[in-house]
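Quick notes on the structure that follows.
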Amino acid sequence: MGKRKRADGPPNGARTQELTILKKPKKSEPETSVDSSSPLTIQVVTGSYDRILHGLTATISADDQVEFADTFLFNAHNSAIRCLALSPPSAPEPGKLQKVMLASGSSDERINVYNISAHPPSRKHQDALSSVAPRKILENPKNRELGTLLHHASTITKLAFPTKSKLISASEDSTIAVTRTRDWSLLSTIKVPIPKPQGRPSGDTAALGATPAGVNDFAVHPSMKLMISVSRGERSMRLWNLMTAKKAGVLNFGRDILQEAGEGKHSTGEGRKVVWGTTEDGDEYCVGFDRDALVFGMDSTPKCRIMPEPRRKIHELCYVPIDAASDSSLLAVSTEDGRVMFFSTRSEDLVKSESTKEKEKSTLPVAKFIAQVGGKDVGVSGRIKDFAIIRVPGKDSFIIAAGSSDGKLRIFKLAVKELEEARKSKTAKTIGKLLGTYETQNRITCVEAFAMIPRPEGVEDSEDELDESEEDDQEDEKDEDEDED
C-alpha cells in the first residue's frame, strides 16, 4: 500500500504543477492594459504604389494630441504593394519582448515577411540625426526583414494571418497558399478553377484573347474550418473546407442578385471583397462589388444590400464589434468620396429599399446607414483606399487609421457611445474626431495598424537591442563546442 501511495503522489503533484503553469499567462494579461493617463501608441504600416513599405507610430496623449514618428522605411518590392497582413502578437515571456509578424504582397509575385516589435520604440537611444531631421524618427532595431516567399507566379492579391502559426495568401495565378510560420514551409495549395472564356468579354485586365483570372479576396471563418473566396471573371463565390483543402460548395450570383448590387449587363459581376461578421442575428458574411455590397446569412440567402442612393464606389469593408457580450457589430465601408460609413445589418434595422426606376423591382431591404467618419464636412474629399480600426485597450473607443491615394494618413477617434446613439437615431450624422493628418508622400494602397503593448519593466534596453542573429550564432557556437567535446 505504501508503494501505491508513493506512486499516486507524483501524478497529483504534477497536476497541481500544470494548473499553476496555466495560471501564469493570466497574470501577464494586465500588462497589456493601458492606463487612462498614459499615452496610447498605434503602430501603422502603409504600402504604396511607389514600392515603399512605411512604418510609423502615432502617439495619442490623454488630451487627444497626436505625435507622429517614423519607425521604418523599406524599399520592399520591385513593383506596387498590393496588400498587407499583421499576425497576432507573440506570447508574453519573462525577460523577452513580444513581436508581430508583418507580410507584404506585391505585383512582383513576392511575399516579404518582417518582424516588428509590439512595444513602443525606446526614446533613450534616439539618434542625433533624428533630432535634426524634418520628421521625427524613432527607429527600432527589432524591426527587420525575415525573408521572401515565392509560392505564387503572379500578383499577390490578399494576405491574412488567421492564427500566429499560419499565413494564407492569394494570387492572380488562381491559387491560395497556406504557409506555416514556424519554418515558412508551404503546407497546401488550393487551386481555384479558371473561368471559361465563353459568353463574356475579355476585359482590360486579361491578356490578348484570354479572360481575367485570379483570386480577388478571401475570408476565413472564425472557426478556422471554412473559407470563402471570390475570383475574377466569376459571377460566384466559392466555399472551401480548410480541414481538407477542398471545395465545399459554389454559390452563383443570379441576375436578380447582381441587379440588386448595381451590377448591370455590361458589368463584370464579380465579387471584389468578402468578409465574415457576427451580429445579434448570428454569423453572416458580406460580399462587396464595385458600388455596393450584399449581406448573406449562413444559409447563403441574401439578407440585405448596403449602400444607399446614390451609390458610391467602395474600396474596403470590415465588421466592427461593438459589444462582445451581445455579439453586436456594425459594418464599416470606405468610399470614393472620403468617408468611412457605418451600417447596421441586424434584422430590426433593415429598411425597405426605394427603387429609383419604375422598371426595377427591388426586393432586398437596405441596411440602416447610421453614421459616417470623414467626408467633405471634415475636409476629406479624396478616396479612402484602406483603413484599420483599433479598439483602445481599457476604453470604449476606437482609433481609425485611414489612408488615401493622395498620400495622407488620417487618425480619427470614435467613441462607442457615439455609435450606439447614432444607431438609435433616425438620420445618419457625422461622428468622430479627426486627431491628426500625416503626409507620407507616397500613394497609399493598403493600411494595417495595431495598438502597441507597453514596454515591460523587467527588460532592459540592452537586451532589447541585442540582435537575434547574434544570439543564434552564440547558440550554434555552443553546440559546436559540445560536439567537439
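In the C-alpha cells, the first chain shown is A, the next is B, and so on; residue numbers restart at 1 for each chain, and ligands run from 1 in the order shown.
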>> I'd like the neighbourhood of Leu294 of chain A as a ChimeraX atom specification, where a residue qualifies if any of its atoms comes within 8 Å (using only C-alpha atoms), though same-chain residues fewer than 3 positions away should be ignored.
In response: /A:261,286-288,302-306
>> Which residues are near segment 370-380 of chain A? Cut-off 9 Å, only C-alpha atoms, ignore same chain within fewer than 3 positions. Put them as a ChimeraX atom specification.
In response: /A:332,337-344,383-384,412,414,418-419,422-434
Please produce an output containing C-alpha atoms for each residue in the selection, written as a CSV table (one decimal), in the first residue's frame.
chain,number,residue,atom,x,y,z
A,332,ALA,CA,-17.8,49.7,-41.9
A,337,ASP,CA,-15.7,60.4,-51.6
A,338,GLY,CA,-13.6,60.1,-48.5
A,339,ARG,CA,-15.9,58.6,-46.0
A,340,VAL,CA,-16.0,55.6,-43.7
A,341,MET,CA,-19.7,54.7,-43.4
A,342,PHE,CA,-21.2,52.5,-40.7
A,343,PHE,CA,-24.2,50.3,-41.3
A,344,SER,CA,-26.4,48.2,-39.1
A,383,ARG,CA,-10.9,58.3,-51.8
A,384,ILE,CA,-10.1,56.3,-48.7
A,412,PHE,CA,-9.7,59.5,-36.2
A,414,LEU,CA,-14.6,57.4,-32.3
A,418,GLU,CA,-21.5,57.8,-30.5
A,419,LEU,CA,-22.2,54.7,-32.5
A,422,ALA,CA,-26.4,57.1,-33.9
A,423,ARG,CA,-27.9,53.6,-34.1
A,424,LYS,CA,-31.0,54.8,-32.3
A,425,SER,CA,-31.4,58.0,-34.3
A,426,LYS,CA,-33.4,58.1,-37.5
A,427,THR,CA,-31.0,60.0,-39.6
A,428,ALA,CA,-27.3,59.4,-40.2
A,429,LYS,CA,-24.8,62.0,-38.9
A,430,THR,CA,-21.1,62.7,-39.0
A,431,ILE,CA,-19.4,61.5,-35.8
A,432,GLY,CA,-15.8,61.1,-34.6
A,433,LYS,CA,-12.9,63.5,-34.3
A,434,LEU,CA,-10.0,64.0,-36.6
> Looking at A:Arg391, A:Ser38, A:Leu138, A:Asp50, which one is nearest to Asn442 of chain A, with distances taken over only C-alpha atoms?
Replying inline: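 Smallest separation from Asn442 of chain A among the options: A:Asp50.
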>> Quick check for you: according to DSSP on this backbone, which residues of segment 160-251 of chain A are classed as strand (DSSP E)? Reply as a ChimeraX atom specification.
In response: /A:160-163,166-171,175-180,185-191,215-220,226-231,236-241,246-251
>> With DSSP run on the backbone, what are the helix (DSSP H, G or I) residues within segment 27-268 of chain A? I'd like them as a count of residues only.
In response: 17
>> Need the shell around Lys385 of chain A: protein/DNA/RNA residues with any atom at most 7 Å away, counting only C-alpha atoms. Skip same-chain ones fewer than 6 positions apart. Format as a ChimeraX atom specification?
In response: /A:315,403-405,445-446
